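A short write-up of the structure that comes next.
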Amino acid sequence: MPGATRAQHDVIVIGAGLSGLTAARALTARGLDVIVLEARDRVGGRTWSQPVGAATFDLGGQWLGDEQPRVAALARELGLATFPSYHRGKKVLLTRGGRGEYDGTIPDVSALVLLDLEKSLRTIDWLMKRVPLDAPISSRLGPALDAVSVGALISRFMPSRTARRLVAAAVRVVFGAEPHEVSLLHFLFYARSGGGFMKLIEIERGAQQDRFVDGAQGLSLGVARALGARVRLGAPALGVARDADGVTVTTRDASLRARHAIVAVPPQLAQRLDWSPPLPPQKEQLLTRYAMGATVKCFALYDRAFWRDRGYSGEVVTTEHDVSVVFDNTSHDGKQPCLLAFVVGDAARAWSERDPELRKRTVIDALARAFGDEARDPTGYLEQDWSVEPWSRGCPVGVLPAGAHTSVGAALRAPVGRVHFAGTETARVWCGYLEGAIDAGLRAASEID
């Protein structure tokens, strides 16, 4: 029964993802008594590294991007090896009209489509630079940008259907959501926090630049090892009660008392906690309006990387299929060739309801269309659907719809009494990424005296 035991701590951290663990580490270094409660039987949150075939692969977040110094520094400190994501060779574009090949970041399209894309990207870049990272809605253009979705921008200002579909595919992959579900202001803030929209979708000098040899979960595992018994697994927080002197967090079998608490779980999960007294209306509505992106990672294993032999990078962009993008996900030593396909947005939300064999055939058919019949004979196949994961409810990130920043955005990072909020959604830099998780954890820790 909750309330069976009581203990006094300086800080209780709810959630043992990278953000919560970062906060706990920073506070422990200051000599504070910290405990971390984690619902799962593992640490790492939306990172999860597991043996697949002859290698360890990331079922969740996996990349170390360019200009992500805090993640890079932590990896060095923990002795975690990284390696460049493979991207040499031709890329493939699949559309309703056929199949094309290209080099570079932007597919080889007609001059008119290319002009449309370049004009749109320049507009995005111009608008993005006018969005403050601390308070996006405070800019002169903020309310107008928040009043519409990314989908509305695409529909109104991109005459080319092909250009619209290419940008929409990129938005789906970055957010795990459809363009009409994302506030334009939120999109611009998110892009600026990561150094620009193109940086978010590029490999070399972009967000997908490097991978971890033994998986990105190693970051959280390393921090958790140092925290030791302070991290309690299989201990989901059920409720948070706050008063003038501190916070009481209840679990299934305990009632824990501390001067402060840090909530470092996805917004929707934070909203589901039993809050006493109830959260202020702005904070509660903000958490409620955050919708988690929907992402399924599909791993096709092979006995050799035949696409590399034929001069392909393994990258595919599709505009008319359940699969949105594909990457070469081969292990660092080449011993486990792998193609990684992403199903995102609306397609991902319906994915778990479909027959497993049909799902596999859908992915393999897309790979075969891109790389030929050799792709039809994988030696193994695995899916990870984050939408059905109960302690994440989606991936890669929570998304705000049009109007949310205007009405409730000011509550994003604001503490509620002695309760503070972390998680990558609250980051000012690299929001939605591992770097953002660290940034948010350090910021939340700095709020506690």
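Ordering of the structure tokens sets the chain letters (A, B, ...); residue numbers start at 1 within each chain; ligands are numbered from 1 in the order shown.
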Can I get the residues of stretch 189-254 of chain A within 8 Å of stretch 62-70 of chain A, each with the closest pair of atoms and their distance in Å to one decimal, using only C-alpha atoms, sorted chain first then ascending number, as a tab-separated table?
residue	atom	partner	partner_atom	distance
A:Glu204	CA	A:Asp66	CA	7.9
A:Arg205	CA	A:Asp66	CA	5.0
A:Gly206	CA	A:Asp66	CA	5.3
A:Ala207	CA	A:Gly65	CA	3.9
A:Gln208	CA	A:Trp63	CA	5.3
A:Gln209	CA	A:Gly65	CA	5.0
A:Asp210	CA	A:Leu64	CA	5.0
A:Arg211	CA	A:Trp63	CA	5.0
A:Phe212	CA	A:Gln62	CA	7.1
A:Gly215	CA	A:Gln62	CA	6.7
A:Ala216	CA	A:Gln62	CA	5.3
**OP:** Can you pull out every residue within 8 Å of stretch 395-412 of chain A, counting only C-alpha atoms, but drop anything in the same chain fewer than 3 positions away, and send it as a PyMOL selection string?
**Re:** chain A and resi 46+60-61+135-137+142-143+146-149+174-177+181-186+266-267+282-283+285-286+289-295+386-387+392+424-426+432
Original post:
So which bits of stretch 179-387 of chain A end up alpha helix (DSSP H) when you DSSP the backbone, as number ranges by chain?
Top reply: A: 184-193, 197-201, 217-227, 267-272, 281-289, 306-309, 346-349, 356-371
Original post:
For the atom pair atom CA of A:Pro337 and atom CA of A:Ala305, what is the interatomic distance in Å to one decimal place?
Top reply: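 Between atom CA of A:Pro337 and atom CA of A:Ala305 the gap works out to 5.2 Å.
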Excluding A:Asp134 and any residue of its chain fewer than 3 positions from it, enumerate the residues within 10 Å of it, using only C-alpha atoms, and give them as a compact mmCIF listing (two decimals) with N, CA and C atoms, in the first residue's frame.
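Here's the written file part-v2.txt:
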# COMPACT_ATOMS: atom_id res chain seq x y z
N VAL A 131 12.91 33.27 -34.25
CA VAL A 131 12.21 32.59 -33.15
C VAL A 131 13.17 32.43 -31.97
N ILE A 137 7.14 32.23 -28.41
CA ILE A 137 5.96 33.04 -28.66
C ILE A 137 6.24 34.53 -28.50
N SER A 138 7.39 34.88 -27.88
CA SER A 138 7.67 36.29 -27.60
C SER A 138 8.12 37.08 -28.81
N PHE A 189 10.99 26.63 -33.91
CA PHE A 189 11.78 26.56 -32.67
C PHE A 189 12.62 25.28 -32.65
N SER A 193 16.64 25.06 -32.57
CA SER A 193 17.31 24.46 -31.41
C SER A 193 18.36 23.44 -31.84
N ALA A 410 3.96 29.27 -22.15
CA ALA A 410 4.76 29.89 -21.09
C ALA A 410 4.99 28.95 -19.92
N ARG A 413 8.66 25.28 -19.09
CA ARG A 413 9.77 24.98 -18.18
C ARG A 413 9.51 25.48 -16.76
N ALA A 427 13.95 21.17 -23.49
CA ALA A 427 15.30 21.69 -23.78
C ALA A 427 15.23 22.95 -24.63
N ARG A 428 16.25 23.80 -24.45
CA ARG A 428 16.40 24.98 -25.28
C ARG A 428 17.26 24.69 -26.51
N VAL A 429 18.19 23.76 -26.38
CA VAL A 429 19.05 23.39 -27.51
C VAL A 429 18.87 21.91 -27.80
**OP:** Kindly indicate which residue among A:Arg259, A:Leu287, A:Met198, A:Leu80 lies nearest to A:Gly246, using only C-alpha atoms for the distances.
**Re:**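 Between A:Arg259, A:Leu287, A:Met198, A:Leu80, the residue approaching A:Gly246 most closely is A:Arg259.
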Original post:
Could you name the residues that touch stretch 39-45 of chain A at 10 Å or less, counting only C-alpha atoms, but leaving out those on the same chain fewer than 6 positions away, as JSON, numbers by chain?
Top reply: {"A": [14, 15, 16, 17, 18, 19, 20, 21, 60, 61, 216, 217, 218, 219, 220, 221, 222, 223, 224, 231, 232, 233, 234, 235, 236, 237, 238, 251, 264, 265, 266, 390, 391, 392, 423]}
Given the selection you just returned, output its residues as a file containing N, CA and C atoms, formatted as an mmCIF file, in the first residue's frame.
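New file part-v1.cif:
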data_model
loop_
_atom_site.group_PDB
_atom_site.id
_atom_site.type_symbol
_atom_site.label_atom_id
_atom_site.label_comp_id
_atom_site.auth_asym_id
_atom_site.auth_seq_id
_atom_site.Cartn_x
_atom_site.Cartn_y
_atom_site.Cartn_z
ATOM 1 N N ILE A 14 11.831 11.655 -11.027
ATOM 2 C CA ILE A 14 10.905 10.685 -11.629
ATOM 3 C C ILE A 14 11.313 10.480 -13.081
ATOM 4 N N GLY A 15 11.829 9.301 -13.374
ATOM 5 C CA GLY A 15 12.248 8.963 -14.729
ATOM 6 C C GLY A 15 13.751 8.814 -14.839
ATOM 7 N N ALA A 16 14.208 7.621 -15.246
ATOM 8 C CA ALA A 16 15.640 7.343 -15.385
ATOM 9 C C ALA A 16 16.062 7.283 -16.842
ATOM 10 N N GLY A 17 15.504 8.184 -17.654
ATOM 11 C CA GLY A 17 16.073 8.420 -18.970
ATOM 12 C C GLY A 17 17.305 9.297 -18.816
ATOM 13 N N LEU A 18 17.902 9.675 -19.935
ATOM 14 C CA LEU A 18 19.137 10.440 -19.876
ATOM 15 C C LEU A 18 18.941 11.777 -19.177
ATOM 16 N N SER A 19 17.776 12.405 -19.343
ATOM 17 C CA SER A 19 17.538 13.708 -18.723
ATOM 18 C C SER A 19 17.451 13.598 -17.208
ATOM 19 N N GLY A 20 16.651 12.661 -16.713
ATOM 20 C CA GLY A 20 16.526 12.481 -15.278
ATOM 21 C C GLY A 20 17.830 12.063 -14.625
ATOM 22 N N LEU A 21 18.560 11.161 -15.281
ATOM 23 C CA LEU A 21 19.837 10.712 -14.739
ATOM 24 C C LEU A 21 20.869 11.842 -14.727
ATOM 25 N N GLY A 60 15.700 2.380 -29.992
ATOM 26 C CA GLY A 60 15.197 3.745 -29.852
ATOM 27 C C GLY A 60 16.185 4.742 -30.421
ATOM 28 N N GLY A 61 16.370 5.878 -29.723
ATOM 29 C CA GLY A 61 17.304 6.897 -30.194
ATOM 30 C C GLY A 61 18.703 6.321 -30.356
ATOM 31 N N ALA A 216 23.325 3.639 -27.846
ATOM 32 C CA ALA A 216 23.159 4.921 -27.146
ATOM 33 C C ALA A 216 22.690 4.750 -25.717
ATOM 34 N N GLN A 217 22.073 3.620 -25.385
ATOM 35 C CA GLN A 217 21.648 3.394 -24.008
ATOM 36 C C GLN A 217 22.841 3.370 -23.059
ATOM 37 N N GLY A 218 24.033 3.131 -23.613
ATOM 38 C CA GLY A 218 25.236 3.123 -22.791
ATOM 39 C C GLY A 218 25.453 4.424 -22.035
ATOM 40 N N LEU A 219 24.955 5.542 -22.567
ATOM 41 C CA LEU A 219 25.056 6.821 -21.853
ATOM 42 C C LEU A 219 24.326 6.745 -20.521
ATOM 43 N N SER A 220 23.082 6.295 -20.556
ATOM 44 C CA SER A 220 22.288 6.185 -19.330
ATOM 45 C C SER A 220 22.807 5.085 -18.424
ATOM 46 N N LEU A 221 23.219 3.972 -19.000
ATOM 47 C CA LEU A 221 23.748 2.878 -18.189
ATOM 48 C C LEU A 221 24.977 3.331 -17.415
ATOM 49 N N GLY A 222 25.848 4.101 -18.059
ATOM 50 C CA GLY A 222 27.058 4.570 -17.400
ATOM 51 C C GLY A 222 26.761 5.519 -16.259
ATOM 52 N N VAL A 223 25.845 6.464 -16.485
ATOM 53 C CA VAL A 223 25.482 7.402 -15.422
ATOM 54 C C VAL A 223 24.799 6.662 -14.276
ATOM 55 N N ALA A 224 23.921 5.715 -14.614
ATOM 56 C CA ALA A 224 23.199 4.971 -13.578
ATOM 57 C C ALA A 224 24.145 4.124 -12.728
ATOM 58 N N VAL A 231 19.225 4.693 -7.854
ATOM 59 C CA VAL A 231 18.283 4.428 -8.947
ATOM 60 C C VAL A 231 17.452 3.203 -8.594
ATOM 61 N N ARG A 232 16.148 3.361 -8.538
ATOM 62 C CA ARG A 232 15.235 2.267 -8.217
ATOM 63 C C ARG A 232 14.417 1.909 -9.448
ATOM 64 N N LEU A 233 14.607 0.708 -9.956
ATOM 65 C CA LEU A 233 13.883 0.235 -11.132
ATOM 66 C C LEU A 233 12.575 -0.431 -10.719
ATOM 67 N N GLY A 234 11.662 -0.525 -11.681
ATOM 68 C CA GLY A 234 10.369 -1.141 -11.401
ATOM 69 C C GLY A 234 9.587 -0.396 -10.345
ATOM 70 N N ALA A 235 9.771 0.920 -10.292
ATOM 71 C CA ALA A 235 9.121 1.737 -9.267
ATOM 72 C C ALA A 235 8.414 2.919 -9.899
ATOM 73 N N PRO A 236 7.307 2.679 -10.603
ATOM 74 C CA PRO A 236 6.613 3.805 -11.244
ATOM 75 C C PRO A 236 6.004 4.749 -10.226
ATOM 76 N N ALA A 237 6.224 6.034 -10.437
ATOM 77 C CA ALA A 237 5.571 7.042 -9.601
ATOM 78 C C ALA A 237 4.095 7.087 -9.960
ATOM 79 N N LEU A 238 3.251 7.111 -8.947
ATOM 80 C CA LEU A 238 1.811 7.162 -9.163
ATOM 81 C C LEU A 238 1.229 8.546 -8.910
ATOM 82 N N THR A 251 4.565 5.576 -4.763
ATOM 83 C CA THR A 251 4.735 4.467 -5.696
ATOM 84 C C THR A 251 3.764 3.369 -5.268
ATOM 85 N N ALA A 264 10.896 13.950 -15.028
ATOM 86 C CA ALA A 264 11.682 13.818 -16.265
ATOM 87 C C ALA A 264 11.139 12.679 -17.115
ATOM 88 N N VAL A 265 9.838 12.750 -17.382
ATOM 89 C CA VAL A 265 9.178 11.766 -18.237
ATOM 90 C C VAL A 265 8.465 12.511 -19.367
ATOM 91 N N PRO A 266 8.067 11.818 -20.438
ATOM 92 C CA PRO A 266 7.345 12.500 -21.526
ATOM 93 C C PRO A 266 6.114 13.234 -21.006
ATOM 94 N N PRO A 390 4.429 1.269 -22.975
ATOM 95 C CA PRO A 390 3.584 1.975 -21.997
ATOM 96 C C PRO A 390 4.254 3.126 -21.269
ATOM 97 N N TRP A 391 5.583 3.127 -21.146
ATOM 98 C CA TRP A 391 6.242 4.182 -20.395
ATOM 99 C C TRP A 391 6.891 5.224 -21.291
ATOM 100 N N SER A 392 6.513 5.206 -22.576
ATOM 101 C CA SER A 392 6.892 6.278 -23.503
ATOM 102 C C SER A 392 5.684 6.768 -24.275
ATOM 103 N N GLY A 423 13.375 16.489 -19.129
ATOM 104 C CA GLY A 423 12.947 15.783 -20.340
ATOM 105 C C GLY A 423 13.305 16.591 -21.566
#
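Of the listed residues A:Val173, A:Leu133, A:Ala23, A:Leu339, the one whose atoms come nearest to A:Tyr190 is A:Leu133, with distances taken using only C-alpha atoms.
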Subject >> Those of stretch 177-378 of chain A in DSSP strand (DSSP E), formatted as an NGL selection string >> reply: :A and (210-212 or 231-232 or 239-242 or 247-250 or 255-263 or 274-276 or 291-292 or 295-301 or 312-318 or 323-328 or 338-344)
Subject >> Residues within 10 Å of A:Ile448, only C-alpha atoms, excluding chain neighbours under 4 positions, as a VMD selection string >> reply: chain A and resid 10 to 11 27 259 to 262 418 to 420 443 to 444
Expected file contents, prior selection, N, CA and C atoms, as a PDB file, in the first residue's frame:
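Below is the file out-v5.pdb, written as the result:
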ATOM      1  N   ASP A  10      16.652  14.934  -0.395  1.00  0.00           N
ATOM      2  CA  ASP A  10      16.696  16.295  -0.925  1.00  0.00           C
ATOM      3  C   ASP A  10      15.875  16.403  -2.200  1.00  0.00           C
ATOM      4  N   VAL A  11      16.061  15.428  -3.113  1.00  0.00           N
ATOM      5  CA  VAL A  11      15.377  15.477  -4.411  1.00  0.00           C
ATOM      6  C   VAL A  11      14.954  14.074  -4.829  1.00  0.00           C
ATOM      7  N   LEU A  27      23.039  16.877  -9.244  1.00  0.00           N
ATOM      8  CA  LEU A  27      22.660  17.159  -7.858  1.00  0.00           C
ATOM      9  C   LEU A  27      23.498  16.354  -6.874  1.00  0.00           C
ATOM     10  N   ARG A 259      12.573  17.470  -0.404  1.00  0.00           N
ATOM     11  CA  ARG A 259      12.401  18.922  -0.484  1.00  0.00           C
ATOM     12  C   ARG A 259      11.942  19.353  -1.867  1.00  0.00           C
ATOM     13  N   HIS A 260      12.414  18.631  -2.902  1.00  0.00           N
ATOM     14  CA  HIS A 260      12.074  18.961  -4.287  1.00  0.00           C
ATOM     15  C   HIS A 260      11.857  17.668  -5.075  1.00  0.00           C
ATOM     16  N   ALA A 261      11.203  17.799  -6.219  1.00  0.00           N
ATOM     17  CA  ALA A 261      11.085  16.688  -7.177  1.00  0.00           C
ATOM     18  C   ALA A 261      11.372  17.214  -8.573  1.00  0.00           C
ATOM     19  N   ILE A 262      11.918  16.350  -9.396  1.00  0.00           N
ATOM     20  CA  ILE A 262      12.108  16.645 -10.821  1.00  0.00           C
ATOM     21  C   ILE A 262      11.342  15.592 -11.603  1.00  0.00           C
ATOM     22  N   ARG A 418       7.702  23.276  -5.610  1.00  0.00           N
ATOM     23  CA  ARG A 418       8.991  22.605  -5.499  1.00  0.00           C
ATOM     24  C   ARG A 418       9.147  21.457  -6.498  1.00  0.00           C
ATOM     25  N   VAL A 419       8.284  21.433  -7.503  1.00  0.00           N
ATOM     26  CA  VAL A 419       8.366  20.421  -8.564  1.00  0.00           C
ATOM     27  C   VAL A 419       8.942  21.074  -9.820  1.00  0.00           C
ATOM     28  N   HIS A 420       9.967  20.459 -10.379  1.00  0.00           N
ATOM     29  CA  HIS A 420      10.666  20.974 -11.548  1.00  0.00           C
ATOM     30  C   HIS A 420      10.512  19.980 -12.694  1.00  0.00           C
ATOM     31  N   ARG A 443      19.496  22.006 -16.620  1.00  0.00           N
ATOM     32  CA  ARG A 443      18.702  23.195 -16.288  1.00  0.00           C
ATOM     33  C   ARG A 443      17.789  22.944 -15.090  1.00  0.00           C
ATOM     34  N   ALA A 444      17.120  21.777 -15.064  1.00  0.00           N
ATOM     35  CA  ALA A 444      16.243  21.468 -13.942  1.00  0.00           C
ATOM     36  C   ALA A 444      17.032  21.368 -12.639  1.00  0.00           C
TER      37      ALA A 444
END
**OP:** Find the residues around stretch 158-165 of chain A up to 8 Å (only C-alpha atoms counted), leave out those fewer than 5 positions away in its own chain, and share them as an MDAnalysis selection string.
**Re:** chainID A and resid 112:114 116:117 120 153 319
How would the residues just picked look written out with all heavy atoms as a PDB file, in the first residue's frame?
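New file selection.pdb:
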ATOM      1  N   LEU A 112      11.975  22.896 -61.647  1.00  0.00           N
ATOM      2  CA  LEU A 112      10.892  23.630 -61.002  1.00  0.00           C
ATOM      3  C   LEU A 112      10.683  23.163 -59.571  1.00  0.00           C
ATOM      4  O   LEU A 112      10.469  23.967 -58.656  1.00  0.00           O
ATOM      5  CB  LEU A 112       9.598  23.470 -61.812  1.00  0.00           C
ATOM      6  CG  LEU A 112       9.544  24.234 -63.141  1.00  0.00           C
ATOM      7  CD1 LEU A 112       8.249  23.925 -63.880  1.00  0.00           C
ATOM      8  CD2 LEU A 112       9.671  25.750 -62.901  1.00  0.00           C
ATOM      9  N   VAL A 113      10.741  21.839 -59.367  1.00  0.00           N
ATOM     10  CA  VAL A 113      10.587  21.302 -58.016  1.00  0.00           C
ATOM     11  C   VAL A 113      11.753  21.742 -57.146  1.00  0.00           C
ATOM     12  O   VAL A 113      11.579  22.138 -55.991  1.00  0.00           O
ATOM     13  CB  VAL A 113      10.481  19.770 -58.049  1.00  0.00           C
ATOM     14  CG1 VAL A 113      10.483  19.200 -56.628  1.00  0.00           C
ATOM     15  CG2 VAL A 113       9.223  19.335 -58.792  1.00  0.00           C
ATOM     16  N   LEU A 114      12.963  21.687 -57.701  1.00  0.00           N
ATOM     17  CA  LEU A 114      14.144  22.096 -56.953  1.00  0.00           C
ATOM     18  C   LEU A 114      14.043  23.566 -56.561  1.00  0.00           C
ATOM     19  O   LEU A 114      14.387  23.940 -55.427  1.00  0.00           O
ATOM     20  CB  LEU A 114      15.399  21.848 -57.783  1.00  0.00           C
ATOM     21  CG  LEU A 114      16.729  22.153 -57.090  1.00  0.00           C
ATOM     22  CD1 LEU A 114      16.894  21.287 -55.851  1.00  0.00           C
ATOM     23  CD2 LEU A 114      17.892  21.936 -58.057  1.00  0.00           C
ATOM     24  N   ASP A 116      11.309  25.265 -56.090  1.00  0.00           N
ATOM     25  CA  ASP A 116      10.287  25.327 -55.048  1.00  0.00           C
ATOM     26  C   ASP A 116      10.870  24.918 -53.690  1.00  0.00           C
ATOM     27  O   ASP A 116      10.652  25.573 -52.665  1.00  0.00           O
ATOM     28  CB  ASP A 116       9.132  24.404 -55.425  1.00  0.00           C
ATOM     29  CG  ASP A 116       7.851  24.752 -54.682  1.00  0.00           C
ATOM     30  OD1 ASP A 116       7.845  25.731 -53.921  1.00  0.00           O
ATOM     31  OD2 ASP A 116       6.852  24.028 -54.874  1.00  0.00           O
ATOM     32  N   LEU A 117      11.656  23.844 -53.680  1.00  0.00           N
ATOM     33  CA  LEU A 117      12.270  23.375 -52.447  1.00  0.00           C
ATOM     34  C   LEU A 117      13.243  24.412 -51.882  1.00  0.00           C
ATOM     35  O   LEU A 117      13.226  24.719 -50.688  1.00  0.00           O
ATOM     36  CB  LEU A 117      13.001  22.053 -52.691  1.00  0.00           C
ATOM     37  CG  LEU A 117      12.167  20.773 -52.712  1.00  0.00           C
ATOM     38  CD1 LEU A 117      13.012  19.603 -53.170  1.00  0.00           C
ATOM     39  CD2 LEU A 117      11.585  20.498 -51.334  1.00  0.00           C
ATOM     40  N   SER A 120      11.473  27.385 -50.427  1.00  0.00           N
ATOM     41  CA  SER A 120      10.822  27.050 -49.166  1.00  0.00           C
ATOM     42  C   SER A 120      11.835  26.918 -48.036  1.00  0.00           C
ATOM     43  O   SER A 120      11.606  27.378 -46.911  1.00  0.00           O
ATOM     44  CB  SER A 120      10.030  25.752 -49.316  1.00  0.00           C
ATOM     45  OG  SER A 120       9.028  25.904 -50.296  1.00  0.00           O
ATOM     46  N   LEU A 153       1.539  25.699 -44.057  1.00  0.00           N
ATOM     47  CA  LEU A 153       2.628  26.373 -44.771  1.00  0.00           C
ATOM     48  C   LEU A 153       2.944  25.645 -46.070  1.00  0.00           C
ATOM     49  O   LEU A 153       3.091  26.272 -47.136  1.00  0.00           O
ATOM     50  CB  LEU A 153       3.875  26.428 -43.885  1.00  0.00           C
ATOM     51  CG  LEU A 153       5.125  27.004 -44.551  1.00  0.00           C
ATOM     52  CD1 LEU A 153       5.010  28.519 -44.675  1.00  0.00           C
ATOM     53  CD2 LEU A 153       6.383  26.634 -43.763  1.00  0.00           C
ATOM     54  N   THR A 319       7.758   8.840 -50.610  1.00  0.00           N
ATOM     55  CA  THR A 319       6.701   9.832 -50.424  1.00  0.00           C
ATOM     56  C   THR A 319       5.302   9.238 -50.481  1.00  0.00           C
ATOM     57  O   THR A 319       4.342   9.932 -50.159  1.00  0.00           O
ATOM     58  CB  THR A 319       6.795  10.940 -51.501  1.00  0.00           C
ATOM     59  OG1 THR A 319       6.624  10.350 -52.798  1.00  0.00           O
ATOM     60  CG2 THR A 319       8.138  11.645 -51.431  1.00  0.00           C
TER      61      THR A 319
END
Subject >> Nearest residue to A:Thr379 from the set A:Gly89, A:Gly441, A:Gly31, A:Gly53 (distances using only C-alpha atoms) >> reply: A:Gly53
Subject >> Selected residue of minimal separation from A:Arg242 among A:Ser276, A:Gln271, A:Gly334, A:Ala258, counting only C-alpha atoms >> reply: A:Ser276
